[in-house]
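Visitor: Handing you a structure now.
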Amino acid sequence: MKIKNKVQLPNQQPAIRVAAMPKDANAGGSIFGGWIMSQVDIAGSIAAVERAKGKVATVAVNSFEFHEPVFIGDLISCYADVIRVGHTSITVKVEVYAQRNPSNPQTVKVTEAELTFVALDENRRPRQVPAEN
Ligand SMILES: CC(C)(COP(=O)(O)OP(=O)(O)OC[C@H]1O[C@@H](n2cnc3c(N)ncnc32)[C@H](O)[C@@H]1OP(=O)(O)O)[C@@H](O)C(=O)NCCC(=O)NCCS
């Protein structure tokens, strides 16, 4: 069987890595898209918190594409890069790869998304993103 989107992992540290478990599956036996969206939100927020040097909230999911299914047992790696910084907002691109089939390892790019976060002050109102060091 031809494996679509078979690729190498990016040469950078992933924001998160997590194994997809049976409890994350949908009725069809593959992994529930909402679980993947949750992992993407967490991964994006890690990059945004680092850039904001503090609390953030997700204000928008600008795009979200599921290229390939994720299966139980897949090891998911989410790579997050800040692609835009506004006055109070930080936009992050997240790419998700699945590693599967340890006896004949395959890496598949399964998902990519772009999310915008807002830096928050102690009253949960937007605050200016600090200058980069
Ligand atoms: C995030 C929040 C504090 C922003 O408050 P707000 O009054 O809408 O803020 P503003 O209109 O000043 O917008 C703040 C920034 O977000 C950006 N923004 C707002 N809505 C956006 C959207 N739909 N898409 C992209 N960016 C958006 C604005 O352009 C602005 O960016 P900038 O300062 O870099 O120019 C408020 O919307 C909120 O609390 N939302 C709920 C967040 C949350 O709970 N997220 C988790 C969901 S489960």
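Residue names in the structure tokens use chain letters A, B, ... in the order shown, residue numbers from 1 in each chain, and ligand numbers from 1 in the order shown.
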Write out as an NGL selection string which residues come within 10 Å of stretch 50-67 of chain A when counting only C-alpha atoms, dropping same-chain ones fewer than 5 positions away.
Guide: :A and (4-5 or 33 or 36-37 or 40-42 or 44-45 or 82 or 85 or 88-96 or 108-122 or 124-133)
Visitor: Pull the alpha helix (DSSP H) assignments for stretch 3-93 of chain A out of DSSP run on the backbone, and list those residues as a PyMOL selection string.
Guide: chain A and resi 33-52
Visitor: Could you write out that same residue set with all heavy atoms as a compact mmCIF listing (two decimals), in the first residue's frame?
Guide:
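Done, and the output landed in out.txt:
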```txt
# COMPACT_ATOMS: atom_id res chain seq x y z
N GLY A 33 -11.10 13.61 15.99
CA GLY A 33 -10.48 14.87 15.58
C GLY A 33 -10.40 15.89 16.70
O GLY A 33 -9.46 16.68 16.78
N GLY A 34 -11.35 15.87 17.61
CA GLY A 34 -11.35 16.82 18.72
C GLY A 34 -10.17 16.60 19.66
O GLY A 34 -9.64 17.55 20.25
N TRP A 35 -9.74 15.35 19.77
CA TRP A 35 -8.55 15.07 20.61
C TRP A 35 -7.32 15.69 19.95
O TRP A 35 -6.49 16.31 20.62
CB TRP A 35 -8.36 13.56 20.77
CG TRP A 35 -7.17 13.20 21.60
CD1 TRP A 35 -7.09 13.17 22.95
CD2 TRP A 35 -5.87 12.82 21.12
NE1 TRP A 35 -5.82 12.80 23.36
CE2 TRP A 35 -5.06 12.58 22.25
CE3 TRP A 35 -5.31 12.66 19.85
CZ2 TRP A 35 -3.71 12.19 22.15
CZ3 TRP A 35 -3.97 12.28 19.74
CH2 TRP A 35 -3.20 12.04 20.89
N ILE A 36 -7.22 15.57 18.63
CA ILE A 36 -6.07 16.15 17.93
C ILE A 36 -6.11 17.67 18.04
O ILE A 36 -5.09 18.32 18.28
CB ILE A 36 -6.08 15.69 16.45
CG1 ILE A 36 -5.95 14.17 16.39
CG2 ILE A 36 -4.96 16.36 15.66
CD1 ILE A 36 -6.28 13.56 15.05
N MET A 37 -7.32 18.25 17.92
CA MET A 37 -7.44 19.71 18.05
C MET A 37 -6.98 20.18 19.42
O MET A 37 -6.33 21.22 19.57
CB MET A 37 -8.88 20.14 17.78
CG MET A 37 -9.30 19.87 16.35
SD MET A 37 -11.02 20.25 16.03
CE MET A 37 -10.89 21.92 15.44
N SER A 38 -7.30 19.39 20.43
CA SER A 38 -6.88 19.72 21.79
C SER A 38 -5.35 19.71 21.91
O SER A 38 -4.75 20.62 22.50
CB SER A 38 -7.52 18.72 22.75
OG SER A 38 -6.99 18.83 24.02
N GLN A 39 -4.72 18.69 21.34
CA GLN A 39 -3.26 18.62 21.39
C GLN A 39 -2.63 19.82 20.65
O GLN A 39 -1.64 20.40 21.09
CB GLN A 39 -2.74 17.30 20.77
CG GLN A 39 -3.34 16.04 21.34
CD GLN A 39 -3.32 16.00 22.86
OE1 GLN A 39 -2.29 16.29 23.48
NE2 GLN A 39 -4.43 15.64 23.46
N VAL A 40 -3.24 20.19 19.52
CA VAL A 40 -2.74 21.32 18.74
C VAL A 40 -2.87 22.62 19.54
O VAL A 40 -1.95 23.46 19.55
CB VAL A 40 -3.50 21.40 17.39
CG1 VAL A 40 -3.28 22.75 16.70
CG2 VAL A 40 -3.08 20.25 16.48
N ASP A 41 -3.99 22.78 20.23
CA ASP A 41 -4.19 23.99 21.05
C ASP A 41 -3.15 24.05 22.17
O ASP A 41 -2.56 25.11 22.45
CB ASP A 41 -5.62 23.97 21.60
CG ASP A 41 -6.05 25.30 22.18
OD1 ASP A 41 -5.50 26.35 21.78
OD2 ASP A 41 -6.95 25.30 23.04
N ILE A 42 -2.89 22.91 22.80
CA ILE A 42 -1.88 22.87 23.87
C ILE A 42 -0.50 23.21 23.31
O ILE A 42 0.23 24.04 23.87
CB ILE A 42 -1.87 21.47 24.55
CG1 ILE A 42 -3.17 21.23 25.31
CG2 ILE A 42 -0.65 21.34 25.48
CD1 ILE A 42 -3.38 19.79 25.75
N ALA A 43 -0.16 22.58 22.18
CA ALA A 43 1.17 22.82 21.59
C ALA A 43 1.33 24.28 21.19
O ALA A 43 2.36 24.91 21.47
CB ALA A 43 1.37 21.91 20.38
N GLY A 44 0.29 24.84 20.55
CA GLY A 44 0.37 26.24 20.14
C GLY A 44 0.49 27.17 21.33
O GLY A 44 1.25 28.15 21.31
N SER A 45 -0.23 26.84 22.39
CA SER A 45 -0.19 27.71 23.58
C SER A 45 1.18 27.69 24.24
O SER A 45 1.60 28.68 24.84
CB SER A 45 -1.27 27.31 24.58
OG SER A 45 -0.93 26.12 25.26
N ILE A 46 1.89 26.56 24.14
CA ILE A 46 3.23 26.49 24.74
C ILE A 46 4.16 27.50 24.04
O ILE A 46 4.88 28.26 24.69
CB ILE A 46 3.78 25.05 24.66
CG1 ILE A 46 3.00 24.17 25.64
CG2 ILE A 46 5.28 25.01 24.94
CD1 ILE A 46 3.27 22.69 25.51
N ALA A 47 4.09 27.55 22.70
CA ALA A 47 4.91 28.52 21.96
C ALA A 47 4.46 29.94 22.26
O ALA A 47 5.28 30.86 22.41
CB ALA A 47 4.81 28.22 20.46
N ALA A 48 3.13 30.15 22.38
CA ALA A 48 2.61 31.50 22.62
C ALA A 48 2.97 32.00 24.02
O ALA A 48 3.34 33.16 24.20
CB ALA A 48 1.09 31.51 22.41
N VAL A 49 2.86 31.12 25.02
CA VAL A 49 3.21 31.51 26.40
C VAL A 49 4.69 31.89 26.48
O VAL A 49 5.06 32.88 27.13
CB VAL A 49 2.89 30.36 27.39
CG1 VAL A 49 3.59 30.55 28.73
CG2 VAL A 49 1.38 30.23 27.59
N GLU A 50 5.51 31.13 25.78
CA GLU A 50 6.96 31.41 25.78
C GLU A 50 7.21 32.80 25.19
O GLU A 50 7.97 33.60 25.74
CB GLU A 50 7.66 30.33 24.96
CG GLU A 50 9.14 30.28 25.15
CD GLU A 50 9.71 29.05 24.48
OE1 GLU A 50 9.61 28.92 23.24
OE2 GLU A 50 10.23 28.19 25.19
N ARG A 51 6.53 33.09 24.04
CA ARG A 51 6.75 34.37 23.38
C ARG A 51 6.12 35.52 24.18
O ARG A 51 6.68 36.62 24.27
CB ARG A 51 6.15 34.32 21.96
CG ARG A 51 6.35 35.58 21.15
CD ARG A 51 7.82 35.89 20.94
NE ARG A 51 7.99 37.20 20.27
CZ ARG A 51 7.97 38.36 20.92
NH1 ARG A 51 7.79 38.41 22.25
NH2 ARG A 51 8.13 39.49 20.24
N ALA A 52 4.96 35.26 24.79
CA ALA A 52 4.25 36.30 25.57
C ALA A 52 4.86 36.48 26.96
O ALA A 52 4.55 37.44 27.65
CB ALA A 52 2.78 35.93 25.71
```
Visitor: Near A:Val70, within 7 Å and counting only C-alpha atoms, which residues show up once chain neighbours fewer than 5 positions away are dropped, as a list of chain:residue names?
Guide: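 Answer for this query is A:Ser30, A:Ile31, A:Ala98, A:Val110.
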Visitor: Mind pulling up the distance from atom CA of A:Asp74 to atom CA of A:Val7?
Guide: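 Distance between the two atoms: 14.9 Å.
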Visitor: To test your reading of the structure, identify every residue in chain A that backbone DSSP assigns to strand (DSSP E or B), and report it as number ranges by chain.
Guide: A: 6, 16-19, 25, 30-31, 56-66, 71, 75-85, 89-100, 106-120, 126
Visitor: In Å, with one decimal, what is the gap from atom CA of A:Arg17 to atom 25 (C, counted along the ligand's line) of ligand 1?
Guide: 26.5 Å
Visitor: Counting only C-alpha atoms and all ligand atoms, figure out which residue out of A:Pro105, A:Gly86, A:Pro14, A:Gly28 gets nearest to ligand 1.
Guide: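 Looking at the shortest contact to ligand 1, the residue is A:Gly86.
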Visitor: Which residue is closest to ligand 1? Choose from A:Met21, A:His87, A:Ile76, A:Gln99 and count only C-alpha atoms and all ligand atoms.
Guide: A:His87
Visitor: Quick one, how far is atom CA of A:Tyr79 from atom CA of A:Thr107?
Guide: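 If I compute the distance from atom CA of A:Tyr79 to atom CA of A:Thr107, I get 13.9 Å.
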